[in-house]
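To be precise, the following lines are data_13.cif, and they hold mmCIF, C-alpha atoms.
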data_entry
#
loop_
_atom_site.label_atom_id
_atom_site.label_comp_id
_atom_site.auth_asym_id
_atom_site.auth_seq_id
_atom_site.Cartn_x
_atom_site.Cartn_y
_atom_site.Cartn_z
CA MET K 547 0.00 0.00 0.00
CA ALA K 548 2.82 2.41 0.95
CA ALA K 549 4.51 1.81 -2.39
CA ASP K 550 1.42 3.13 -4.25
CA VAL K 551 1.38 6.44 -2.39
CA ASP K 552 2.93 9.48 -4.09
CA LYS K 553 5.39 10.68 -1.55
CA THR K 554 6.15 13.92 -3.35
CA THR K 555 4.81 16.92 -1.52
CA ALA K 556 3.76 20.27 -2.94
CA GLY K 557 6.95 21.81 -1.71
CA ASP K 558 9.28 19.06 -2.97
CA PRO K 559 12.13 20.81 -4.89
CA THR K 560 12.62 17.76 -7.13
CA ALA K 561 9.02 17.99 -8.47
CA ASP K 562 9.37 21.73 -9.09
CA HIS K 563 12.62 21.14 -10.98
CA ASP K 564 10.98 18.53 -13.24
CA GLU K 565 8.01 20.80 -13.94
CA ASP K 566 10.27 23.73 -14.83
CA ARG K 567 12.19 21.54 -17.31
CA ALA K 568 8.90 20.46 -19.05
CA THR K 569 7.15 23.83 -19.15
CA PRO K 570 8.82 25.62 -22.11
CA SER K 571 8.34 22.81 -24.61
CA SER K 572 4.84 21.96 -23.47
CA ARG K 573 3.85 25.60 -23.63
CA ARG K 574 5.23 25.93 -27.15
CA ALA K 575 3.33 22.81 -28.19
CA ARG K 576 0.12 24.06 -26.70
CA SER K 577 0.58 27.49 -28.27
CA ARG K 578 1.27 25.96 -31.69
CA PHE K 579 -1.80 23.75 -31.37
CA LYS K 580 -3.99 26.73 -30.48
CA GLN K 581 -2.68 28.70 -33.45
CA LEU K 582 -3.29 25.83 -35.85
CA PHE K 583 -6.75 25.25 -34.41
CA SER K 584 -7.63 28.96 -34.74
CA LEU K 585 -6.43 29.01 -38.34
CA PHE K 586 -8.49 25.92 -39.04
CA ILE K 587 -11.60 27.47 -37.55
CA ILE K 588 -11.06 30.72 -39.51
CA ALA K 589 -10.64 28.78 -42.73
CA ALA K 590 -13.48 26.38 -41.99
CA VAL K 591 -16.18 28.98 -41.22
CA PRO K 592 -16.41 30.49 -44.73
CA PHE K 593 -16.01 27.04 -46.26
CA ILE K 594 -18.88 25.69 -44.18
CA GLY K 595 -20.93 28.75 -45.06
CA PHE K 596 -20.17 28.22 -48.73
CA CYS K 597 -21.21 24.58 -48.47
CA ILE K 598 -24.50 25.51 -46.76
CA LYS K 599 -25.22 28.18 -49.36
CA TYR K 600 -24.32 25.80 -52.17
CA TYR K 601 -26.63 23.16 -50.73
CA GLN K 602 -29.46 25.67 -50.37
CA ASP K 603 -28.98 26.89 -53.93
CA ILE K 604 -29.00 23.32 -55.24
CA GLN K 605 -32.23 22.62 -53.35
CA LEU K 606 -33.75 25.87 -54.64
CA VAL K 607 -32.86 24.96 -58.21
CA LYS K 608 -34.36 21.51 -57.73
CA ARG K 609 -37.57 23.00 -56.31
CA HIS K 610 -37.69 25.48 -59.19
CA GLU K 611 -37.30 22.69 -61.75
CA ALA K 612 -39.94 20.61 -59.96
CA GLY K 613 -42.28 23.60 -59.86
CA LEU K 614 -41.73 24.31 -63.55
CA LYS K 615 -42.43 20.69 -64.38
CA ALA K 616 -45.57 20.55 -62.25
CA LEU K 617 -47.04 23.98 -63.02
CA GLY K 618 -45.53 25.09 -66.30
CA ALA K 619 -44.12 28.57 -66.91
CA ASP K 620 -47.42 30.41 -66.45
CA GLY K 621 -48.36 28.49 -63.33
CA LEU K 622 -44.93 29.04 -61.79
CA PHE K 623 -45.26 32.75 -62.53
CA PHE K 624 -48.50 32.95 -60.55
CA PHE K 625 -46.95 30.85 -57.76
CA SER K 626 -43.94 33.19 -57.61
CA SER K 627 -46.20 36.25 -57.38
CA LEU K 628 -47.51 34.86 -54.08
CA ASP K 629 -44.16 33.57 -52.82
CA THR K 630 -43.03 36.88 -51.33
CA ASP K 631 -39.85 35.52 -49.70
CA HIS K 632 -38.89 33.54 -52.85
CA ASP K 633 -38.21 30.29 -51.03
CA LEU K 634 -40.60 28.33 -53.30
CA TYR K 635 -42.77 27.45 -50.33
CA LEU K 636 -46.07 29.15 -49.46
CA SER K 637 -46.55 30.08 -45.84
CA PRO K 638 -50.09 30.46 -44.46
CA GLU K 639 -49.77 34.22 -44.82
CA GLU K 640 -48.67 33.89 -48.45
CA PHE K 641 -51.48 31.39 -49.12
CA LYS K 642 -54.13 33.74 -47.71
CA PRO K 643 -55.08 35.37 -51.08
CA ILE K 644 -55.75 31.91 -52.54
CA ALA K 645 -57.86 30.90 -49.55
CA GLU K 646 -59.89 34.11 -49.80
CA LYS K 647 -60.39 33.57 -53.53
CA LEU K 648 -61.47 29.93 -53.19
CA THR K 649 -63.67 30.30 -50.12
CA GLY K 650 -65.06 33.72 -50.94
CA VAL K 651 -64.57 34.66 -47.30
CA GLU K 652 -62.33 37.63 -46.60
CA PRO K 653 -61.07 38.74 -43.19
CA PRO K 654 -62.63 41.96 -41.92
CA PRO K 655 -60.74 44.90 -43.43
CA GLU K 656 -58.58 46.88 -41.05
CA PHE K 657 -60.01 50.33 -41.67
CA GLU K 658 -59.31 53.23 -39.41
CA GLU K 659 -62.48 54.95 -38.34
CA GLU K 660 -63.19 58.35 -39.85
CA ILE K 661 -61.44 60.96 -37.76
CA PRO K 662 -64.06 63.11 -35.97
CA HIS K 663 -63.84 66.80 -36.78
CA ASP K 664 -63.86 69.71 -34.41
CA PRO K 665 -67.16 71.61 -34.92
CA ASN K 666 -65.43 74.76 -33.64
CA GLY K 667 -62.35 74.25 -35.78
CA GLU K 668 -61.30 75.95 -38.99
CA THR K 669 -63.09 75.46 -42.30
CA LEU K 670 -62.12 75.92 -45.93
CA THR K 671 -64.08 76.22 -49.15
CA MET K 672 -63.27 73.92 -52.07
CA HIS K 673 -64.06 74.82 -55.68
CA ALA K 674 -64.41 72.22 -58.45
CA LYS K 675 -63.65 72.99 -62.08
CA MET K 676 -64.07 70.73 -65.08
CA GLN K 677 -64.01 70.79 -68.87
CA PRO K 678 -65.72 67.73 -70.41
CA LEU K 679 -63.82 65.05 -72.27
CA LEU K 680 -63.11 65.91 -75.91
CA LEU K 681 -65.18 63.34 -77.80
CA GLU K 682 -63.07 63.90 -80.92
CA SER K 683 -60.02 62.59 -79.02
CA MET K 684 -61.62 59.13 -78.80
CA THR K 685 -60.66 56.54 -81.40
CA LYS K 686 -64.32 55.65 -81.93
CA SER K 687 -64.98 59.23 -83.08
CA LYS K 688 -62.94 58.66 -86.24
CA ASP K 689 -65.80 56.69 -87.79
CA GLY K 690 -68.55 58.72 -86.15
CA PHE K 691 -68.98 56.23 -83.26
CA LEU K 692 -70.25 53.66 -85.73
CA GLY K 693 -71.70 50.69 -83.88
CA VAL K 694 -71.70 52.49 -80.52
CA SER K 695 -75.21 52.83 -79.13
CA HIS K 696 -76.33 56.25 -78.00
CA SER K 697 -77.31 54.89 -74.58
CA SER K 698 -73.76 53.64 -73.96
CA LEU K 699 -72.34 57.15 -74.13
CA SER K 700 -75.30 58.92 -72.54
CA GLY K 701 -73.57 59.40 -69.18
CA LEU K 702 -70.41 60.69 -70.86
CA ARG K 703 -72.21 63.09 -73.19
CA SER K 704 -74.32 64.57 -70.39
CA TRP K 705 -71.41 65.11 -67.98
CA LYS K 706 -70.52 68.71 -68.74
CA ARG K 707 -69.80 70.27 -65.34
CA PRO K 708 -69.00 69.34 -61.70
CA ALA K 709 -71.84 67.88 -59.70
CA VAL K 710 -70.99 70.19 -56.77
CA PRO K 711 -69.15 73.37 -57.87
CA SER K 712 -68.37 74.47 -54.31
CA SER K 713 -68.34 72.86 -50.87
CA THR K 714 -67.08 73.62 -47.37
CA PHE K 715 -64.97 71.20 -45.31
CA TYR K 716 -63.63 71.17 -41.77
CA ALA K 717 -59.85 71.42 -41.79
CA SER K 718 -59.53 68.60 -39.26
CA ARG K 719 -60.98 66.14 -41.79
CA PHE K 720 -57.78 66.47 -43.81
CA LYS K 721 -55.84 64.78 -41.03
CA VAL K 722 -56.04 61.65 -43.19
CA PHE K 723 -53.20 63.13 -45.27
CA LEU K 724 -50.78 63.35 -42.33
CA PRO K 725 -47.91 60.83 -42.29
CA PRO K 726 -48.14 57.80 -40.01
CA SER K 727 -45.55 57.17 -37.32
CA GLY K 728 -42.11 56.52 -38.79
CA LYS K 729 -42.80 58.27 -42.11
CA SER K 730 -41.46 61.75 -41.41
CA ALA K 731 -38.55 61.65 -43.88
CA LEU K 732 -38.87 63.57 -47.14
CA GLY K 733 -39.87 61.29 -50.02
CA ASP K 734 -40.68 58.34 -47.76
CA THR K 735 -44.04 57.13 -49.12
CA TRP K 736 -47.05 55.68 -47.31
CA TRP K 737 -50.48 54.42 -48.36
CA ILE K 738 -53.47 56.58 -47.46
CA VAL K 739 -55.76 54.00 -49.06
CA PRO K 740 -53.83 50.73 -49.56
CA SER K 741 -54.25 48.61 -52.67
CA GLU K 742 -56.04 45.30 -52.09
CA LEU K 743 -55.30 43.80 -55.50
CA ASN K 744 -52.47 41.53 -56.60
CA ILE K 745 -51.75 39.37 -59.61
CA PHE K 746 -53.84 36.52 -58.20
CA THR K 747 -56.92 38.45 -57.18
CA GLY K 748 -57.07 40.04 -60.63
CA TYR K 749 -59.54 42.92 -60.83
CA LEU K 750 -62.82 44.02 -59.32
CA PRO K 751 -66.15 43.39 -61.11
CA ASN K 752 -67.19 45.58 -64.04
CA ASN K 753 -70.95 45.10 -63.71
CA ARG K 754 -71.53 47.63 -60.93
CA TYR K 755 -73.32 50.96 -60.82
CA HIS K 756 -72.90 52.23 -57.26
CA PRO K 757 -69.70 52.39 -55.21
CA PRO K 758 -69.39 50.56 -51.91
CA THR K 759 -69.82 52.59 -48.75
CA PRO K 760 -66.50 54.32 -48.04
CA ARG K 761 -64.91 53.76 -44.66
CA GLY K 762 -62.06 55.27 -42.67
CA LYS K 763 -59.72 57.41 -44.76
CA GLU K 764 -61.73 56.67 -47.89
CA VAL K 765 -64.55 58.91 -46.64
CA LEU K 766 -62.81 62.24 -47.28
CA ILE K 767 -61.47 61.18 -50.68
CA HIS K 768 -64.95 59.98 -51.65
CA SER K 769 -66.42 63.33 -50.56
CA LEU K 770 -63.87 65.26 -52.61
CA LEU K 771 -64.34 63.18 -55.76
CA SER K 772 -68.13 63.38 -55.36
CA MET K 773 -67.84 67.06 -56.20
CA PHE K 774 -67.10 65.97 -59.78
CA HIS K 775 -69.64 63.15 -60.11
CA PRO K 776 -72.04 61.46 -57.68
CA ARG K 777 -70.63 57.94 -58.27
CA PRO K 778 -66.88 57.88 -57.58
CA PHE K 779 -65.14 54.58 -56.82
CA VAL K 780 -62.24 55.36 -54.49
CA LYS K 781 -60.66 52.00 -55.33
CA SER K 782 -60.26 51.38 -59.05
CA ARG K 783 -61.06 48.00 -60.56
CA PHE K 784 -57.49 47.39 -61.68
CA ALA K 785 -54.16 47.58 -59.89
CA PRO K 786 -52.48 49.69 -58.78
CA GLN K 787 -55.40 51.08 -56.85
CA GLY K 788 -55.65 53.28 -53.78
CA ALA K 789 -53.88 56.47 -52.73
CA VAL K 790 -50.23 57.06 -51.83
CA ALA K 791 -48.48 60.12 -50.37
CA CYS K 792 -45.14 61.49 -49.19
CA ILE K 793 -43.74 64.64 -47.59
CA ARG K 794 -42.28 67.06 -50.14
CA ALA K 795 -41.28 69.79 -47.68
CA ALA K 796 -41.31 70.37 -43.94
CA SER K 797 -40.99 73.30 -41.54
CA ASP K 798 -41.34 73.55 -37.77
CA PHE K 799 -45.13 73.62 -37.98
CA TYR K 800 -46.15 72.62 -41.52
CA TYR K 801 -45.91 69.84 -44.09
CA ASP K 802 -46.27 70.06 -47.85
CA ILE K 803 -47.57 66.61 -48.77
CA VAL K 804 -47.94 65.40 -52.35
CA PHE K 805 -50.32 62.56 -53.15
CA ARG K 806 -51.50 60.37 -56.00
CA ILE K 807 -54.93 58.72 -56.18
CA HIS K 808 -56.14 56.01 -58.55
CA ALA K 809 -59.93 56.18 -58.63
CA GLU K 810 -62.68 56.10 -61.25
CA PHE K 811 -66.30 57.03 -61.92
CA GLN K 812 -69.35 55.10 -63.07
CA LEU K 813 -71.15 57.45 -65.47
CA ASN K 814 -74.20 55.35 -66.39
CA ASP K 815 -77.10 54.24 -64.28
CA VAL K 816 -79.87 51.73 -64.93
CA PRO K 817 -81.37 51.03 -67.42
CA ASN K 818 -78.15 51.80 -69.37
CA PHE K 819 -75.22 49.41 -69.07
CA PRO K 820 -72.14 50.40 -67.02
CA PHE K 821 -69.69 52.96 -68.40
CA TRP K 822 -66.37 53.31 -66.56
CA PHE K 823 -64.45 56.59 -66.70
CA THR K 824 -60.89 56.15 -65.37
CA PRO K 825 -58.52 59.15 -65.31
CA GLY K 826 -54.84 58.32 -65.56
CA GLN K 827 -54.39 59.59 -62.00
CA PHE K 828 -55.46 62.27 -59.57
CA ALA K 829 -52.36 64.19 -58.50
CA GLY K 830 -52.16 66.94 -55.93
CA ASN K 831 -50.69 68.44 -52.80
CA ILE K 832 -51.79 69.81 -49.46
CA ILE K 833 -49.99 72.24 -47.16
CA LEU K 834 -51.27 71.76 -43.63
CA SER K 835 -50.18 72.21 -40.04
CA LYS K 836 -48.73 69.16 -38.34
CA ASP K 837 -51.88 68.80 -36.21
CA ALA K 838 -54.19 69.41 -39.24
CA SER K 839 -55.88 72.31 -37.45
CA HIS K 840 -55.01 74.65 -40.33
CA ILE K 841 -54.89 74.12 -44.09
CA ARG K 842 -52.84 76.59 -46.10
CA GLU K 843 -53.32 75.10 -49.60
CA PHE K 844 -55.08 72.17 -51.27
CA HIS K 845 -55.01 71.19 -54.94
CA LEU K 846 -56.21 67.98 -56.62
CA TYR K 847 -56.27 67.55 -60.39
CA VAL K 848 -56.06 65.15 -63.34
CA PRO K 849 -52.77 65.87 -65.19
CA ASN K 850 -53.44 67.10 -68.72
CA ASP K 851 -49.88 67.23 -70.08
CA LYS K 852 -50.31 64.06 -72.17
CA THR K 853 -52.32 63.63 -75.37
CA LEU K 854 -54.44 60.90 -73.73
CA ASN K 855 -55.28 60.85 -70.03
CA VAL K 856 -58.55 58.94 -69.55
CA ASP K 857 -59.47 55.29 -70.11
CA MET K 858 -63.11 54.44 -70.86
CA GLU K 859 -64.77 51.03 -70.84
CA TRP K 860 -68.42 50.23 -71.34
CA LEU K 861 -70.45 47.05 -71.34
CA TYR K 862 -73.06 45.80 -73.78
CA GLY K 863 -74.75 43.74 -71.08
CA ALA K 864 -75.20 43.68 -67.33
CA SER K 865 -73.24 40.49 -66.64
CA GLU K 866 -69.50 40.16 -66.08
CA SER K 867 -69.15 38.12 -69.28
CA SER K 868 -70.82 40.77 -71.46
CA ASN K 869 -68.92 42.27 -74.38
CA MET K 870 -66.90 45.35 -73.53
CA GLU K 871 -65.71 48.29 -75.60
CA VAL K 872 -62.53 50.18 -74.70
CA ASP K 873 -61.32 53.60 -75.73
CA ILE K 874 -58.98 56.39 -74.59
CA GLY K 875 -59.56 60.12 -74.67
CA TYR K 876 -58.38 63.52 -73.50
CA LEU K 877 -59.83 65.44 -70.54
CA PRO K 878 -58.72 69.11 -70.61
CA GLN K 879 -59.52 69.91 -66.98
CA MET K 880 -60.68 68.28 -63.76
CA GLU K 881 -59.48 69.90 -60.55
CA LEU K 882 -60.33 70.84 -57.00
CA LYS K 883 -58.72 73.83 -55.36
CA ALA K 884 -59.14 75.49 -51.99
CA ALA K 885 -60.40 79.07 -52.30
CA GLY K 886 -57.84 80.08 -49.67
CA PRO K 887 -56.41 79.04 -46.31
CA SER K 888 -58.79 77.61 -43.73
CA THR K 889 -60.19 80.13 -41.28
CA PRO K 890 -61.81 79.87 -37.85
CA SER K 891 -65.51 79.16 -37.90
CA VAL K 892 -65.89 80.87 -34.52
CA ILE K 893 -63.94 84.01 -33.58
CA TYR K 894 -63.36 85.31 -30.05
CA ASP K 895 -62.07 88.67 -28.86
CA GLU K 896 -59.37 89.19 -26.25
CA GLN K 897 -61.92 88.83 -23.45
CA GLY K 898 -63.14 85.49 -24.81
CA ASN K 899 -66.39 86.83 -26.21
CA MET K 900 -67.67 85.49 -29.50
CA ILE K 901 -67.67 88.13 -32.23
CA ASP K 902 -69.20 88.41 -35.68
CA SER K 903 -67.01 87.11 -38.49
CA ARG K 904 -67.89 90.29 -40.34
CA GLY K 905 -66.21 93.47 -39.21
CA GLU K 906 -67.55 96.96 -39.22
CA GLY K 907 -69.44 97.75 -42.40
CA GLY K 908 -70.41 94.12 -42.96
CA GLU K 909 -67.13 93.18 -44.66
CA PRO K 910 -65.57 89.81 -43.76
CA ILE K 911 -62.64 89.98 -41.34
CA GLN K 912 -59.36 89.65 -43.21
CA PHE K 913 -56.86 87.16 -41.79
CA VAL K 914 -53.11 87.60 -42.18
CA PHE K 915 -51.03 84.40 -42.39
CA GLU K 916 -47.33 84.09 -41.72
CA GLU K 917 -45.00 83.06 -44.51
CA ILE K 918 -43.92 79.42 -44.33
CA VAL K 919 -40.15 78.88 -44.46
CA TRP K 920 -39.29 75.29 -45.36
CA SER K 921 -36.35 73.83 -43.43
CA ALA K 922 -36.05 70.91 -45.88
CA GLU K 923 -37.67 70.20 -49.23
CA LEU K 924 -37.62 68.13 -52.42
CA SER K 925 -38.55 69.36 -55.86
CA ARG K 926 -42.07 68.56 -57.02
CA GLU K 927 -40.58 66.26 -59.67
CA GLU K 928 -38.56 64.29 -57.10
CA ALA K 929 -41.56 63.85 -54.82
CA SER K 930 -43.82 62.80 -57.71
CA ARG K 931 -41.26 60.21 -58.77
CA CYS K 932 -41.33 58.69 -55.26
CA LEU K 933 -45.10 58.23 -55.61
CA GLU K 934 -44.71 56.89 -59.14
CA VAL K 935 -42.20 54.23 -58.12
CA THR K 936 -44.42 53.16 -55.20
CA MET K 937 -47.37 52.68 -57.55
CA TYR K 938 -45.26 51.14 -60.34
CA PRO K 939 -42.10 49.42 -59.01
CA PHE K 940 -40.91 48.78 -62.58
CA LYS K 941 -40.24 52.54 -62.78
CA LYS K 942 -37.12 51.94 -60.70
CA VAL K 943 -35.60 51.22 -64.11
CA PRO K 944 -35.31 54.51 -66.04
CA TYR K 945 -37.55 54.80 -69.10
CA LEU K 946 -36.09 57.40 -71.45
CA PRO K 947 -37.43 59.37 -74.42
CA PHE K 948 -36.32 58.00 -77.76
CA SER K 949 -33.81 60.81 -78.35
CA GLU K 950 -32.10 60.30 -74.99
CA ALA K 951 -32.04 56.50 -75.07
CA PHE K 952 -29.38 56.25 -77.80
CA SER K 953 -26.88 58.55 -76.12
CA ARG K 954 -27.37 56.77 -72.78
CA ALA K 955 -26.99 53.34 -74.41
CA ASP K 956 -23.82 54.47 -76.19
CA ALA K 957 -22.34 55.88 -72.99
CA GLU K 958 -23.16 52.78 -70.92
CA LYS K 959 -22.51 50.25 -73.72
CA LYS K 960 -25.97 48.75 -73.34
CA LEU K 961 -28.68 47.62 -75.72
CA ILE K 962 -31.98 49.44 -76.22
CA HIS K 963 -35.33 47.83 -75.53
CA SER K 964 -38.02 49.77 -77.38
CA ILE K 965 -41.69 49.76 -76.26
CA LEU K 966 -44.56 51.12 -78.35
CA LEU K 967 -47.72 51.91 -76.37
CA TRP K 968 -51.26 53.09 -76.98
CA GLY K 969 -51.48 55.40 -74.04
CA SER K 970 -49.20 55.57 -71.02
CA LEU K 971 -47.59 52.69 -69.16
CA ASP K 972 -47.38 54.48 -65.82
CA ASP K 973 -50.96 55.60 -65.23
CA GLN K 974 -54.48 54.17 -65.39
CA SER K 975 -55.26 55.44 -68.89
CA CYS K 976 -53.55 52.53 -70.65
#
Would you give me this structure, written as structure tokens?
Amino acid sequence: MAADVDKTTAGDPTADHDEDRATPSSRRARSRFKQLFSLFIIAAVPFIGFCIKYYQDIQLVKRHEAGLKALGADGLFFFSSLDTDHDLYLSPEEFKPIAEKLTGVEPPPEFEEEIPHDPNGETLTMHAKMQPLLLESMTKSKDGFLGVSHSSLSGLRSWKRPAVPSSTFYASRFKVFLPPSGKSALGDTWWIVPSELNIFTGYLPNNRYHPPTPRGKEVLIHSLLSMFHPRPFVKSRFAPQGAVACIRAASDFYYDIVFRIHAEFQLNDVPNFPFWFTPGQFAGNIILSKDASHIREFHLYVPNDKTLNVDMEWLYGASESSNMEVDIGYLPQMELKAAGPSTPSVIYDEQGNMIDSRGEGGEPIQFVFEEIVWSAELSREEASRCLEVTMYPFKKVPYLPFSEAFSRADAEKKLIHSILLWGSLDDQSC
């Protein structure tokens, strides 16, 4: 038993001497091993990452080939339009449009309630102006509208002026144009009325006469468009639909917000068949205080700088499968403009007593407004392009006039892809 016991104590000089002799070499060996191991790990990490990525790419290619074989090119295109993360699998959220289409049951829409207005707040007067569509700009006019029934165009021919030339609004109602949280940067777009259409859902029915009841932020836009015609559809039948906006300029107390709306009108009523009147877009801007208590300017209009700016479609039957005629024309003017800045509906003197809005002699009290100094701003063209790209993502690629395309192609050593259109590719009139 005694022979098996280590008789060396912690303070034994012989043991310390042996350990000192072994330490340098063992330390060098351990250090060399650690260095080699670290180098191996450093080299192995990107290699392992490459292998994982290579494996994932191989699996993605296999799934793509299997999808192409099972669905064909057209079917795979529709599948890809729903596969938002491009992993060739559909999650429940990605499958939702299909489920809604097949079951006919949609989840309740997430509308914000209409923002209540302050009855003692400021008001502004809006004026509507309109020049009717030039019938001679329509293709069908070239042969005297041969084959087009008089009843089909009855709503168009009779629409000569705004339905409501002038109307008064509470300034607080325009709060719907203010940016949501996190959208205070210039040019950062947001949806006032989001689009509900995608490539799978297709388009909304044609055989309708009366718009659905507007809700939430749609209410104000519906009220504004109703000044032109009593049957506006805030959401157009075809994508991109809805309304988008961004901040063009900002000061300490004000925003200048530009917006773009895609909406349309139904001009016919029973017993005539539906006639859809779809302007290329409604553009505009609003200058308002950051709490929407005061409106300095408001302007909404259909751009008229193109030779064609309205799409028209009419049915020859009341069912969805009825024959449809299509044409494009030119609308010289359709615009809404505030008569001036919003003003208080109730005025108080320095003692808090309500006073007449008319001064001595019966003349209206004149208000003086401070000049707005913008601390940051974009050009109108830059802001409009932000809206355009949001509505039409393909506009991220520059589309150039014919004369400019050749010089750009020569400078960048690229080929030219030429597109010939009847109408415009980047609005609703095509």
Could you give me, as a PyMOL selection string, the residues within 10 Å of Glu927 (chain K), counting all atoms listed in the file and dropping anything in the same chain fewer than 4 positions from it? chain K and resi 794+931-932
Contacts of Leu724 (chain K) within 8 Å, all atoms listed in the file, excl. fewer than 4 positions in-chain, as a ChimeraX atom specification: /K:720,803,836,838
So how many Å separate CA of Phe723 (chain K) and CA of Gln879 (chain K), to one decimal?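 Separation of CA of Phe723 (chain K) and CA of Gln879 (chain K): 23.6 Å.
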Mind pulling up the distance from CA of Ala709 (chain K) to CA of Phe821 (chain K)?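 Computing the Euclidean distance for CA of Phe821 (chain K) and CA of Ala709 (chain K) yields 17.4 Å.
In this structure, CA of Pro665 (chain K) sits 8.3 Å away from CA of Ser891 (chain K).
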Quick one: residues within 8 Å of Val722 (chain K), all atoms listed in the file counted, chain neighbours fewer than 3 positions away excluded, as a count of residues only? 5
Could you state which residues are captured by the PyMOL selection byres ((chain K and resi 781) around 9) in this file, as a PyMOL selection string? chain K and resi 739+741-742+764+778-780+782-784+787-789+807-810
Residues returned when the PyMOL selection byres ((chain K and resi 914) around 12) runs on this file, as a list in words: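 When the PyMOL selection byres ((chain K and resi 914) around 12) is applied to the shown file, the picked residues are Arg842, Gly886, Pro887, Ser888, Thr889, Ile911, Gln912, Phe913, Phe915, Glu916 and Glu917 of chain K.
Considering all atoms listed in the file, the residue among K:Tyr938, K:Leu924, K:Ser797, K:Pro757 positioned nearest to Ala785 (chain K) is K:Tyr938.
Near Ala796 (chain K), within 12 Å and counting all atoms listed in the file, sit Leu724, Pro725, Ser730, Ala731, Leu732, Gly733, Cys792, Tyr800, Tyr801, Asp802, Ile803, Val804, Ile832, Ile833, Leu834, Ser835, Lys836, Ile918, Val919, Trp920, Ser921, Ala922, Glu923 and Leu924 of chain K, not including residues fewer than 4 positions from it in the same chain.
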Step by step, work through what the PyMOL selection byres ((chain K and resi 830) around 10) selects in the shown file, and finish by giving those residues as a ChimeraX atom specification. /K:791,803-807,827-829,831-832,844-849,881-883,930
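For the residues K:Leu813, K:Leu933, K:Ile793, K:Leu585, ranking by smallest atom-to-atom distance to Asp973 (chain K) using all atoms listed in the file places K:Leu933 first.
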If we count only C-alpha atoms and set the cut-off at 8 Å, which residues sit around Thr685 (chain K), ignoring sequence neighbours fewer than 4 positions away in its own chain? Please answer as a PyMOL selection string. chain K and resi 873-875
